[in-house]
file my_file.txt (compact mmCIF, C-alpha atoms)
# COMPACT_ATOMS: atom_id res chain seq x y z
CA MET A 1 0.00 0.00 0.00
CA GLN A 2 1.39 3.39 -0.99
CA THR A 3 1.53 6.14 1.53
CA PHE A 4 -1.07 8.79 0.82
CA THR A 5 -0.20 12.45 1.05
CA MET A 6 -2.52 15.17 2.19
CA ALA A 7 -5.06 15.92 -0.53
CA SER A 8 -7.23 18.94 -1.12
CA SER A 9 -10.87 18.80 -0.10
CA THR A 10 -11.92 18.95 -3.74
CA GLU A 11 -10.72 15.39 -4.33
CA PRO A 12 -13.71 13.29 -5.48
CA ALA A 13 -12.80 10.51 -3.06
CA LEU A 14 -13.23 12.90 -0.15
CA GLU A 15 -16.75 13.83 -1.26
CA LEU A 16 -18.07 10.29 -0.90
CA PRO A 17 -20.98 9.74 1.48
CA PRO A 18 -19.85 8.64 4.96
CA GLU A 19 -21.38 5.17 4.70
CA LEU A 20 -19.40 4.49 1.52
CA ILE A 21 -16.17 5.70 3.09
CA HIS A 22 -16.78 3.45 6.04
CA GLU A 23 -17.56 0.52 3.73
CA ILE A 24 -14.31 1.05 1.80
CA LEU A 25 -12.14 1.54 4.87
CA TYR A 26 -13.70 -1.40 6.67
CA HIS A 27 -12.05 -3.67 4.10
CA LEU A 28 -8.73 -2.56 5.57
CA ASP A 29 -9.60 -3.87 9.02
CA GLY A 30 -6.41 -5.43 10.37
CA ASP A 31 -4.14 -3.51 8.00
CA THR A 32 -2.93 -1.02 10.58
CA GLU A 33 -0.34 0.65 8.36
CA SER A 34 -2.82 1.40 5.57
CA LEU A 35 -5.43 2.69 7.98
CA ARG A 36 -2.83 4.97 9.52
CA ASN A 37 -1.95 6.32 6.10
CA PHE A 38 -5.62 6.83 5.21
CA SER A 39 -6.18 8.71 8.44
CA LEU A 40 -3.41 11.11 7.41
CA THR A 41 -4.98 11.64 3.99
CA SER A 42 -7.79 13.80 5.24
CA THR A 43 -9.18 14.94 8.57
CA ALA A 44 -12.57 13.80 7.26
CA TRP A 45 -11.28 10.25 7.13
CA THR A 46 -9.49 10.32 10.46
CA SER A 47 -12.54 9.52 12.57
CA PHE A 48 -13.48 6.61 10.30
CA CYS A 49 -9.98 5.16 10.51
CA ARG A 50 -9.88 5.58 14.28
CA LYS A 51 -13.16 3.73 14.66
CA ILE A 52 -11.71 0.75 12.82
CA LEU A 53 -8.23 0.93 14.31
CA PHE A 54 -9.46 1.13 17.90
CA ASN A 55 -12.56 -1.00 17.51
CA HIS A 56 -10.87 -3.98 19.14
CA VAL A 57 -8.51 -3.65 22.10
CA ASP A 58 -6.71 -6.92 22.66
CA LEU A 59 -5.44 -7.14 26.23
CA ASN A 60 -4.29 -10.70 25.81
CA LEU A 61 -0.95 -10.15 27.54
CA ARG A 62 0.57 -13.10 25.70
CA HIS A 63 0.23 -11.04 22.53
CA LEU A 64 2.06 -8.15 24.16
CA ILE A 65 5.09 -10.22 25.16
CA PRO A 66 7.44 -10.93 22.26
CA MET A 67 8.05 -14.55 21.42
CA TRP A 68 11.77 -14.30 22.19
CA ILE A 69 11.00 -13.43 25.79
CA GLN A 70 8.50 -16.27 26.02
CA ARG A 71 11.14 -18.63 24.63
CA ILE A 72 13.91 -17.74 27.06
CA CYS A 73 11.57 -17.47 30.02
CA PRO A 74 12.35 -20.94 31.37
CA LEU A 75 16.10 -20.25 31.17
CA SER A 76 16.35 -17.15 33.33
CA PRO A 77 13.05 -16.52 35.10
CA PRO A 78 13.93 -13.62 37.44
CA ARG A 79 15.59 -11.42 34.86
CA THR A 80 13.05 -12.21 32.19
CA PHE A 81 10.24 -11.59 34.59
CA ILE A 82 11.41 -8.05 35.30
CA LYS A 83 11.94 -7.48 31.61
CA GLU A 84 8.48 -8.85 30.87
CA CYS A 85 6.88 -6.54 33.45
CA LYS A 86 8.69 -3.50 32.10
CA LEU A 87 7.74 -4.37 28.54
CA LEU A 88 4.09 -4.84 29.41
CA GLU A 89 4.06 -1.61 31.40
CA LYS A 90 5.58 0.22 28.43
CA ASN A 91 3.05 -1.20 25.97
CA LEU A 92 0.13 -0.44 28.24
CA ASP A 93 1.45 3.08 28.83
CA ILE A 94 1.45 3.70 25.08
CA LEU A 95 -2.20 2.73 24.85
CA LEU A 96 -3.12 4.64 28.00
CA GLY A 97 -1.28 7.70 26.72
CA ALA A 98 -3.21 7.60 23.44
CA LEU A 99 -6.54 7.28 25.24
CA HIS A 100 -5.69 10.13 27.64
CA ARG A 101 -4.46 12.42 24.86
CA THR A 102 -7.53 11.75 22.70
CA PRO A 103 -10.45 10.87 24.96
CA SER A 104 -12.75 10.39 21.95
CA LEU A 105 -10.78 7.23 21.17
CA CYS A 106 -12.36 5.55 24.20
CA SER A 107 -15.75 5.61 22.51
CA CYS A 108 -14.24 3.90 19.43
CA VAL A 109 -13.40 0.78 21.45
CA HIS A 110 -16.29 -1.65 21.14
CA ARG A 111 -14.59 -5.00 21.56
CA LEU A 112 -12.30 -6.03 24.40
CA THR A 113 -10.27 -9.23 24.79
CA LEU A 114 -8.86 -9.94 28.25
CA LEU A 115 -6.21 -12.43 29.26
CA ILE A 116 -4.19 -10.99 32.09
CA LEU A 117 -2.17 -14.07 33.07
CA ASN A 118 -1.09 -13.60 36.71
CA TYR A 119 -1.14 -9.79 36.60
CA SER A 120 -4.29 -9.56 38.67
CA ASP A 121 -3.03 -7.96 41.89
CA PRO A 122 -2.40 -4.18 41.79
CA ASP A 123 -0.64 -4.36 45.19
CA HIS A 124 1.91 -6.94 44.11
CA SER A 125 5.49 -5.68 44.38
CA MET A 126 6.51 -6.65 40.83
CA ARG A 127 3.36 -7.36 38.87
CA GLY A 128 1.34 -4.56 40.48
CA GLY A 129 2.43 -1.97 37.92
CA VAL A 130 0.93 -3.94 35.06
CA ALA A 131 -2.23 -4.75 37.02
CA ARG A 132 -2.78 -1.09 37.92
CA ARG A 133 -2.41 -0.05 34.31
CA LEU A 134 -4.82 -2.76 33.21
CA ILE A 135 -7.45 -1.58 35.69
CA GLN A 136 -6.97 2.00 34.62
CA LEU A 137 -7.26 1.04 30.97
CA ILE A 138 -10.32 -1.16 31.34
CA ARG A 139 -12.15 1.53 33.29
CA LEU A 140 -11.67 3.99 30.43
CA LEU A 141 -13.57 1.77 28.00
CA THR A 142 -17.19 2.69 28.50
CA SER A 143 -18.62 1.98 25.04
CA LEU A 144 -17.93 -1.72 24.84
CA THR A 145 -20.35 -3.97 23.00
CA SER A 146 -18.41 -7.22 23.17
CA VAL A 147 -16.12 -8.70 25.82
CA GLU A 148 -14.12 -11.92 25.58
CA ILE A 149 -12.53 -13.01 28.84
CA THR A 150 -10.05 -15.83 29.24
CA LEU A 151 -10.48 -16.17 32.93
CA GLY A 152 -7.83 -18.40 34.51
CA TYR A 153 -8.27 -18.99 38.24
CA TRP A 154 -10.94 -16.49 39.28
CA ASN A 155 -10.43 -16.86 43.03
CA GLY A 156 -6.78 -15.87 42.60
CA TYR A 157 -7.78 -12.38 41.43
CA ALA A 158 -7.40 -9.45 43.80
CA ASP A 159 -10.62 -7.70 44.74
CA ALA A 160 -9.77 -4.58 42.73
CA MET A 161 -9.37 -6.63 39.56
CA LYS A 162 -12.50 -8.64 40.29
CA ASN A 163 -14.50 -5.46 40.71
CA THR A 164 -13.10 -4.08 37.47
CA TYR A 165 -14.15 -7.20 35.57
CA LEU A 166 -17.62 -7.17 37.06
CA LYS A 167 -17.93 -3.46 36.31
CA VAL A 168 -17.10 -4.14 32.67
CA LEU A 169 -19.96 -6.63 32.56
CA LYS A 170 -22.29 -3.88 33.76
CA THR A 171 -21.43 -1.63 30.80
CA PRO A 172 -24.83 -0.50 29.48
CA SER A 173 -23.81 -0.85 25.82
CA LEU A 174 -22.63 -4.45 26.21
CA VAL A 175 -24.25 -6.92 23.81
CA SER A 176 -22.04 -9.99 23.87
CA VAL A 177 -20.09 -11.70 26.66
CA MET A 178 -17.82 -14.68 26.28
CA ILE A 179 -15.99 -16.26 29.22
CA CYS A 180 -13.66 -19.18 28.61
CA ASP A 181 -10.89 -21.34 30.03
CA GLY A 182 -11.18 -20.70 33.71
CA SER A 183 -11.80 -22.27 37.04
CA MET A 184 -13.67 -21.22 40.16
CA ARG A 185 -13.60 -22.47 43.71
CA TYR A 186 -17.39 -22.75 43.92
CA SER A 187 -19.88 -23.08 41.11
CA THR A 188 -21.83 -20.18 42.64
CA ASP A 189 -18.88 -17.89 41.86
CA ILE A 190 -20.27 -17.71 38.33
CA LEU A 191 -23.42 -15.89 39.46
CA PRO A 192 -22.00 -12.31 39.44
CA PHE A 193 -21.11 -12.90 35.78
CA VAL A 194 -24.51 -14.32 34.94
CA GLU A 195 -26.28 -11.25 36.23
CA CYS A 196 -25.21 -9.40 33.09
CA THR A 197 -27.50 -11.71 31.07
CA LYS A 198 -30.38 -9.37 31.89
CA ARG A 199 -28.90 -6.86 29.49
CA VAL A 200 -26.77 -8.72 26.94
CA LEU A 201 -28.08 -10.52 23.89
CA GLU A 202 -25.38 -13.17 23.76
CA PHE A 203 -23.76 -15.04 26.64
CA ARG A 204 -21.21 -17.76 26.03
CA ILE A 205 -19.30 -19.85 28.52
CA THR A 206 -16.69 -22.39 27.45
CA ASN A 207 -14.42 -24.61 29.53
CA LEU A 208 -15.20 -23.11 32.88
CA ILE A 209 -14.90 -25.53 35.76
CA SER A 210 -15.64 -25.34 39.45
CA ASN A 211 -13.39 -27.03 41.95
CA ASN A 212 -16.22 -27.75 44.32
CA PRO A 213 -18.22 -30.67 43.01
CA GLY A 214 -20.55 -30.49 45.99
CA ALA A 215 -22.50 -27.53 44.67
CA ARG A 216 -24.69 -29.52 42.33
CA ASN A 217 -28.04 -29.72 44.04
CA THR A 218 -28.89 -26.13 43.27
CA VAL A 219 -32.16 -26.96 41.52
CA GLN A 220 -33.59 -27.98 44.83
CA ARG A 221 -31.81 -25.18 46.65
CA HIS A 222 -33.35 -22.44 44.53
CA ALA A 223 -36.67 -24.14 43.97
CA ASN A 224 -38.56 -22.11 46.54
CA VAL A 225 -37.05 -18.72 45.73
CA PRO A 226 -39.81 -16.55 44.21
CA PRO A 227 -38.89 -15.05 40.83
CA PRO A 228 -38.44 -11.27 40.76
CA TYR A 229 -40.34 -11.07 37.44
CA SER A 230 -37.89 -9.25 35.25
CA VAL A 231 -37.31 -9.43 31.51
CA SER A 232 -34.13 -10.77 29.98
CA ASN A 233 -32.69 -9.56 26.69
CA LEU A 234 -30.80 -12.80 26.27
CA ARG A 235 -31.18 -14.33 22.81
CA ILE A 236 -28.12 -16.58 22.46
CA LEU A 237 -26.93 -18.81 25.29
CA GLN A 238 -23.93 -21.10 24.89
CA LEU A 239 -22.90 -23.28 27.81
CA HIS A 240 -19.96 -25.53 27.07
CA SER A 241 -18.85 -26.27 30.60
CA PRO A 242 -19.24 -29.07 33.11
CA THR A 243 -22.57 -29.61 34.74
CA ALA A 244 -22.04 -27.82 38.07
CA ILE A 245 -21.44 -24.42 36.47
CA ASN A 246 -24.27 -24.93 33.99
CA GLN A 247 -26.66 -25.91 36.75
CA GLU A 248 -26.01 -22.64 38.53
CA ILE A 249 -26.69 -20.71 35.36
CA TYR A 250 -29.90 -22.59 34.56
CA CYS A 251 -31.15 -22.07 38.07
CA TRP A 252 -30.30 -18.41 38.07
CA LEU A 253 -32.05 -17.92 34.74
CA LEU A 254 -35.08 -19.87 35.81
CA ARG A 255 -35.54 -18.10 39.09
CA SER A 256 -34.55 -14.63 37.87
CA HIS A 257 -36.51 -14.21 34.66
CA CYS A 258 -40.14 -14.89 34.12
CA ARG A 259 -39.75 -13.87 30.47
CA ILE A 260 -36.76 -15.16 28.57
CA SER A 261 -36.80 -15.31 24.79
CA LEU A 262 -33.87 -17.44 23.74
CA GLN A 263 -33.41 -17.89 20.01
CA LYS A 264 -30.33 -20.08 20.10
CA LEU A 265 -29.27 -22.52 22.78
CA SER A 266 -26.00 -24.41 22.56
CA LEU A 267 -25.22 -27.01 25.22
CA LYS A 268 -22.28 -29.26 25.82
CA ASP A 269 -21.67 -31.52 28.79
CA SER A 270 -25.16 -30.67 30.06
CA MET A 271 -26.97 -33.74 28.92
CA LEU A 272 -26.04 -35.93 31.83
CA PRO A 273 -29.05 -37.23 33.75
CA GLU A 274 -28.71 -34.61 36.48
CA GLY A 275 -28.51 -31.84 33.89
CA ILE A 276 -31.45 -32.85 31.72
CA GLN A 277 -34.04 -31.75 34.23
CA ALA A 278 -32.67 -28.22 34.34
CA VAL A 279 -32.29 -28.05 30.54
CA GLN A 280 -35.90 -29.19 30.15
CA ALA A 281 -37.04 -26.47 32.53
CA LEU A 282 -35.13 -23.87 30.50
CA LEU A 283 -36.67 -25.17 27.26
CA ASN A 284 -40.12 -24.96 28.78
CA VAL A 285 -39.57 -21.35 29.78
CA SER A 286 -37.97 -20.09 26.59
CA GLY A 287 -39.15 -22.66 24.07
CA GLN A 288 -41.65 -20.55 22.14
CA THR A 289 -38.97 -18.33 20.64
CA LEU A 290 -36.25 -20.95 20.26
CA ARG A 291 -35.10 -21.36 16.65
CA CYS A 292 -31.83 -23.23 16.96
CA LEU A 293 -30.79 -25.92 19.42
CA GLU A 294 -27.30 -27.41 19.52
CA MET A 295 -26.53 -30.13 21.99
CA THR A 296 -24.05 -32.84 22.75
CA VAL A 297 -25.83 -36.11 23.20
CA PRO A 298 -24.61 -38.40 25.97
CA SER A 299 -22.03 -40.72 24.47
CA ILE A 300 -23.06 -43.95 26.12
CA LEU A 301 -21.94 -46.47 23.58
CA GLU A 302 -23.91 -49.54 22.80
CA PRO A 303 -22.27 -52.39 20.92
CA CYS A 304 -23.30 -53.26 17.41
CA LYS A 305 -22.30 -56.09 15.14
CA LEU A 306 -18.99 -56.16 13.33
CA GLU A 307 -19.17 -56.52 9.58
CA ALA A 308 -15.87 -58.29 9.33
CA MET B 1 -32.83 -43.34 29.02
CA SER B 2 -34.04 -39.88 30.00
CA THR B 3 -34.46 -37.43 27.17
CA LEU B 4 -35.70 -33.94 26.44
CA LYS B 5 -39.21 -33.08 25.31
CA PHE B 6 -39.54 -30.43 22.64
CA ASN B 7 -43.28 -29.85 22.94
CA MET B 8 -42.64 -26.36 24.28
CA CYS B 9 -40.36 -25.48 21.34
CA PRO B 10 -42.78 -25.55 18.38
CA ASN B 11 -40.76 -23.04 16.34
CA LEU B 12 -37.45 -24.92 16.27
CA GLU B 13 -35.86 -24.61 12.85
CA HIS B 14 -32.38 -26.03 13.34
CA VAL B 15 -31.33 -28.94 15.51
CA VAL B 16 -27.69 -29.95 15.86
CA PHE B 17 -26.67 -33.20 17.55
CA ASP B 18 -23.01 -33.13 18.48
CA GLY B 19 -20.91 -35.86 20.06
CA VAL B 20 -22.36 -38.79 18.14
CA VAL B 21 -19.65 -41.43 18.38
CA GLN B 22 -19.04 -44.07 15.73
CA LEU B 23 -16.48 -46.79 16.34
CA GLN B 24 -15.77 -50.08 14.68
CA ASN B 25 -17.95 -52.06 17.02
CA SER B 26 -20.25 -49.54 18.64
CA ASN B 27 -22.07 -46.34 17.87
CA GLY B 28 -24.00 -43.55 19.48
CA ILE B 29 -27.17 -43.79 17.39
CA PRO B 30 -29.13 -45.55 20.17
CA CYS B 31 -28.30 -42.51 22.32
CA VAL B 32 -29.49 -40.04 19.69
CA MET B 33 -32.71 -41.79 18.72
CA PRO B 34 -34.62 -40.75 21.86
CA TYR B 35 -33.94 -37.12 20.93
CA VAL B 36 -34.96 -37.69 17.29
CA ASN B 37 -38.12 -39.38 18.51
CA SER B 38 -38.75 -36.40 20.80
CA CYS B 39 -38.62 -34.15 17.75
CA VAL B 40 -41.13 -36.43 16.05
CA ALA B 41 -43.39 -36.47 19.08
CA ALA B 42 -43.31 -32.68 19.31
CA GLY B 43 -44.41 -32.37 15.66
CA LEU B 44 -41.89 -29.72 14.72
CA LEU B 45 -43.57 -28.33 11.61
CA SER B 46 -40.98 -25.60 11.07
CA LEU B 47 -37.89 -27.79 11.40
CA VAL B 48 -35.67 -26.92 8.43
CA SER B 49 -32.40 -28.68 9.16
CA ILE B 50 -30.98 -31.51 11.23
CA THR B 51 -27.23 -31.86 11.62
CA PHE B 52 -25.24 -34.72 13.12
CA HIS B 53 -21.61 -34.27 14.11
CA VAL B 54 -20.17 -37.78 14.09
CA HIS B 55 -16.88 -38.24 15.92
CA LEU B 56 -14.40 -40.95 15.13
CA PRO B 57 -11.31 -41.59 17.22
CA SER B 58 -8.25 -40.08 15.61
CA ASN B 59 -5.73 -42.22 17.42
CA VAL B 60 -7.11 -45.54 16.26
CA ARG B 61 -5.96 -46.72 12.86
CA LEU B 62 -8.65 -48.93 11.50
CA PRO B 63 -7.47 -52.32 10.27
CA SER B 64 -8.36 -52.90 6.65
CA THR B 65 -10.47 -55.92 7.56
CA VAL B 66 -12.66 -54.05 10.00
CA HIS B 67 -15.39 -51.81 8.70
CA ILE B 68 -17.50 -49.24 10.41
CA ASN B 69 -21.00 -50.52 10.86
CA TRP B 70 -23.50 -47.87 9.79
CA ASP B 71 -26.58 -50.15 10.00
CA ASP B 72 -28.18 -48.27 12.88
CA TRP B 73 -28.45 -45.17 10.73
CA GLN B 74 -31.36 -46.89 8.97
CA MET B 75 -33.42 -46.05 12.05
CA VAL B 76 -32.65 -42.37 11.61
CA ASP B 77 -33.46 -42.55 7.90
CA ALA B 78 -36.76 -44.30 8.52
CA THR B 79 -37.82 -41.87 11.24
CA VAL B 80 -36.76 -38.62 9.63
CA SER B 81 -38.03 -39.55 6.16
CA GLU B 82 -41.61 -39.95 7.32
CA ASP B 83 -43.88 -36.93 6.97
CA PHE B 84 -43.18 -35.70 10.46
CA PHE B 85 -41.09 -32.76 9.32
CA PRO B 86 -42.72 -31.22 6.23
CA ALA B 87 -40.31 -28.26 6.10
CA LEU B 88 -37.13 -30.32 6.39
CA ALA B 89 -34.80 -29.16 3.62
CA LYS B 90 -31.39 -30.28 4.83
CA PHE B 91 -30.05 -33.33 6.64
CA SER B 92 -26.33 -33.04 7.26
CA VAL B 93 -23.86 -35.57 8.59
CA ILE B 94 -20.49 -34.05 9.39
CA LEU B 95 -17.83 -36.71 9.90
CA ARG B 96 -15.05 -35.50 12.13
CA ILE B 97 -11.46 -36.74 12.15
CA TRP B 98 -11.33 -38.70 8.97
CA GLU B 99 -8.66 -39.17 6.42
CA GLY B 100 -9.79 -38.34 2.92
CA LYS B 101 -9.06 -41.77 1.55
CA THR B 102 -11.39 -43.53 3.98
CA PHE B 103 -13.99 -40.81 3.83
CA GLU B 104 -15.17 -41.54 0.30
CA GLN B 105 -15.71 -45.24 1.06
CA GLU B 106 -17.53 -44.60 4.29
CA LYS B 107 -19.57 -41.81 2.75
CA LEU B 108 -20.91 -44.27 0.17
CA LYS B 109 -21.72 -46.78 2.88
CA LEU B 110 -23.52 -44.21 4.98
CA GLU B 111 -25.46 -42.98 1.95
CA GLY B 112 -26.53 -46.57 1.43
CA GLN B 113 -28.10 -46.55 4.87
CA LEU B 114 -29.96 -43.30 4.24
CA PRO B 115 -31.75 -44.04 0.93
CA ASN B 116 -34.93 -42.09 1.67
CA LEU B 117 -33.09 -38.94 2.62
CA LYS B 118 -30.92 -39.29 -0.47
CA SER B 119 -33.89 -39.74 -2.75
CA ARG B 120 -35.43 -36.57 -1.29
CA ASN B 121 -32.17 -34.83 -2.23
CA ILE B 122 -31.68 -33.32 1.21
CA LEU B 123 -28.73 -35.44 2.35
CA ARG B 124 -25.31 -33.87 2.74
CA ILE B 125 -22.30 -35.79 4.07
CA CYS B 126 -19.02 -33.99 4.53
CA ILE B 127 -15.80 -33.92 6.53
CA GLY B 128 -15.90 -31.63 9.53

call {"tool": "encode", "arguments": {"input": "my_file.txt", "output": "C-alpha cells"}}
result
Amino acid sequence: MQTFTMASSTEPALELPPELIHEILYHLDGDTESLRNFSLTSTAWTSFCRKILFNHVDLNLRHLIPMWIQRICPLSPPRTFIKECKLLEKNLDILLGALHRTPSLCSCVHRLTLLILNYSDPDHSMRGGVARRLIQLIRLLTSLTSVEITLGYWNGYADAMKNTYLKVLKTPSLVSVMICDGSMRYSTDILPFVECTKRVLEFRITNLISNNPGARNTVQRHANVPPPYSVSNLRILQLHSPTAINQEIYCWLLRSHCRISLQKLSLKDSMLPEGIQAVQALLNVSGQTLRCLEMTVPSILEPCKLEA
Amino acid sequence: MSTLKFNMCPNLEHVVFDGVVQLQNSNGIPCVMPYVNSCVAAGLLSLVSITFHVHLPSNVRLPSTVHINWDDWQMVDATVSEDFFPALAKFSVILRIWEGKTFEQEKLKLEGQLPNLKSRNILRICIG
C-alpha cells in the first residue's frame, strides 16, 4: 500500500458519502499501516480510521510479550520476569497515553479481549504496575459492546481486579459476553457474571470448571425462591462447561426471569441425567422463541455387530 | 434413558446433535434416537435442518479388515423420512477426524443406509 499524502478537499474521493467511506475503509480492518496512512490523507477520514483501528482492544498479555521473551523465560526466570513486566508496562502506557491524549478514542473501542495471566493484583510488588495499568485502561472503556474473557483462576484475582471485571460486565452498551478457560472455587462464583444476562443478547461460557463438586443440588436449593419477574434480553446462550457451572446458570435464569426469549441454545456436557431436568425447565420457559438448538448427546456407547 | 421433550419449542428450525460417536464395534445412534423421537413427538412443523456431528477416534488406525457398521443409521433414515417434518430441507452428517481416503468409502456406505433422505435430495455428508 502506498503512503497517501494530504489531498485537497476537492478530491472526489473525499466527497463520498460517509457510509461508503466506512464501507471502503472497513475492508482494511487489520491492515494497521494502511489505515494509519488513510487517516493522514484527510481529517474527514481520520474519525473513520480511528473507529476501525481502535474497535478492538486486545489485552491478551501473551500477545504483548514478544516470542523471544516467552522462549527464554524458562532459562532465566527472574531477569526475564522483570523485563516482561517493564515491557508490558511500556506497551500499556502507550495505549493509555493515546486514550488520555484523545479521549474520543475511548468511545471507538467496542470489543475487548482480556487475558491478564497472573497480573491480577495491583498491590503486588513486581506485577502490580501492570495490574494497575490494566485496571486504569479497562475503566476507560465505556462503550464496549463485546467482551471476551479468558479467565484463569478467578479466586486468585485481587478484589480490585475482580471489581473491574464485574464493572465491565455492567457496561450498558454491552451486547455480547464470552468467558472461557477458567476455574472457580465454587460453582456459585459464576453468578455475578450471569447477572449481566439481563442486558446482553449473547452469553457464552466455554471450559469453565468449578473445583467444588458439591455444589450440584442447586435446583432444589433455589426451587422455593420466588422469581423477581424481570425481563431478559438474552437471545443466544452457549454453555460448554461441566454440569455444576451450567446448573447454577440454569437455576439463576429460571428463578430470575419470568420472560426469557432465547433464540439459540447451545449445550455441551449438560446432557447428563442430572442436567437434563434443568435443561428441560429452561426449554419450557424459553421454548416458544427458540429457533436453533445445539446439543451434545450423551455418548453412552452400545455395541453393534462387526461386519468383518 | 431420560431425554428432552420439545413440545414447548414448536418453532425450532435447526437442531444440531453433536458428540455422536461411531467406532468399529459400537455407535451412538441408540443414544441419539430418543432425541430424534422427541422431535417427532413434538411435531416440529418448522424444522428446516438436522445436523449430526459424528466423531471418530483419531488415534485408532482402522485395520483394513474391519469396517465401520452404519446399519443403525437406517433407524434415523426411517424416522426422519416420514412426513413428520414437512419443512425439512437439509439433513447433514459431518464426519469428524477422517482421512480423505477412507472418507469416500464410508460416505458411500452411509449414503446406502440413508436411501430415503438421499432420494429426497436433502442429504449432505461432509468432513468436519

call {"tool": "interface_residues", "arguments": {"input": "my_file.txt", "of": "chain B", "to": "chain A", "cutoff": "6 Å", "atoms": "only C-alpha atoms", "output": "ChimeraX atom specification"}}
result
/B:8-9,11-19,25-28,66

call {"tool": "residues_near_point", "arguments": {"input": "my_file.txt", "point": "(-19.5, -34.0, 10.7)", "cutoff": "6 Å", "atoms": "all atoms listed in the file", "output": "VMD selection string"}}
result
chain B and resid 53 to 54 93 to 96 127 to 128

call {"tool": "atom_distance", "arguments": {"input": "my_file.txt", "atom1": "CA of Trp154 in chain A", "atom2": "CA of His240 in chain A"}}
result
17.7 Å

call {"tool": "atom_distance", "arguments": {"input": "my_file.txt", "atom1": "CA of Pro34 in chain B", "atom2": "CA of Leu239 in chain A"}}
result
21.9 Å

call {"tool": "residues_around", "arguments": {"input": "my_file.txt", "residues": "range 75-81 of chain B", "least_positions_apart": "5", "cutoff": "10 Å", "atoms": "all atoms listed in the file", "output": "JSON, numbers by chain"}}
result
{"B": [29, 30, 32, 33, 36, 37, 39, 40, 50, 86, 88, 91, 111, 113, 114, 115, 116, 117, 118, 119, 120]}

call {"tool": "closest_residue", "arguments": {"input": "my_file.txt", "among": "B:Leu110, B:Gln22, B:Ala87, B:Gln105", "to": "Leu47 in chain B", "atoms": "all atoms listed in the file"}}
result
B:Ala87

call {"tool": "atom_distance", "arguments": {"input": "my_file.txt", "atom1": "CA of Tyr157 in chain A", "atom2": "CA of Glu84 in chain A"}}
result
19.7 Å

call {"tool": "residues_around", "arguments": {"input": "my_file.txt", "residues": "Ile209 in chain A", "least_positions_apart": "2", "cutoff": "8 Å", "atoms": "all atoms listed in the file", "output": "MDAnalysis selection string"}}
result
chainID A and resid 182:184 187 207 211 241:242 244:245

call {"tool": "closest_residue", "arguments": {"input": "my_file.txt", "among": "B:Ile125, B:Phe6, B:Lys90, B:Glu82", "to": "Ser49 in chain B", "atoms": "all atoms listed in the file"}}
result
B:Lys90

call {"tool": "residues_around", "arguments": {"input": "my_file.txt", "residues": "Ala158 in chain A", "least_positions_apart": "2", "cutoff": "10 Å", "atoms": "all atoms listed in the file", "output": "list in words"}}
result
Tyr119, Ser120, Asp121, Pro122, Asp123, His124, Ala131, Trp154, Asn155, Gly156, Ala160, Met161, Lys162 and Asn163 of chain A

call {"tool": "residues_around", "arguments": {"input": "my_file.txt", "residues": "Ser104 in chain A", "least_positions_apart": "3", "cutoff": "10 Å", "atoms": "only C-alpha atoms", "output": "JSON, numbers by chain"}}
result
{"A": [47, 50, 51, 99, 100, 101, 107, 108, 109]}
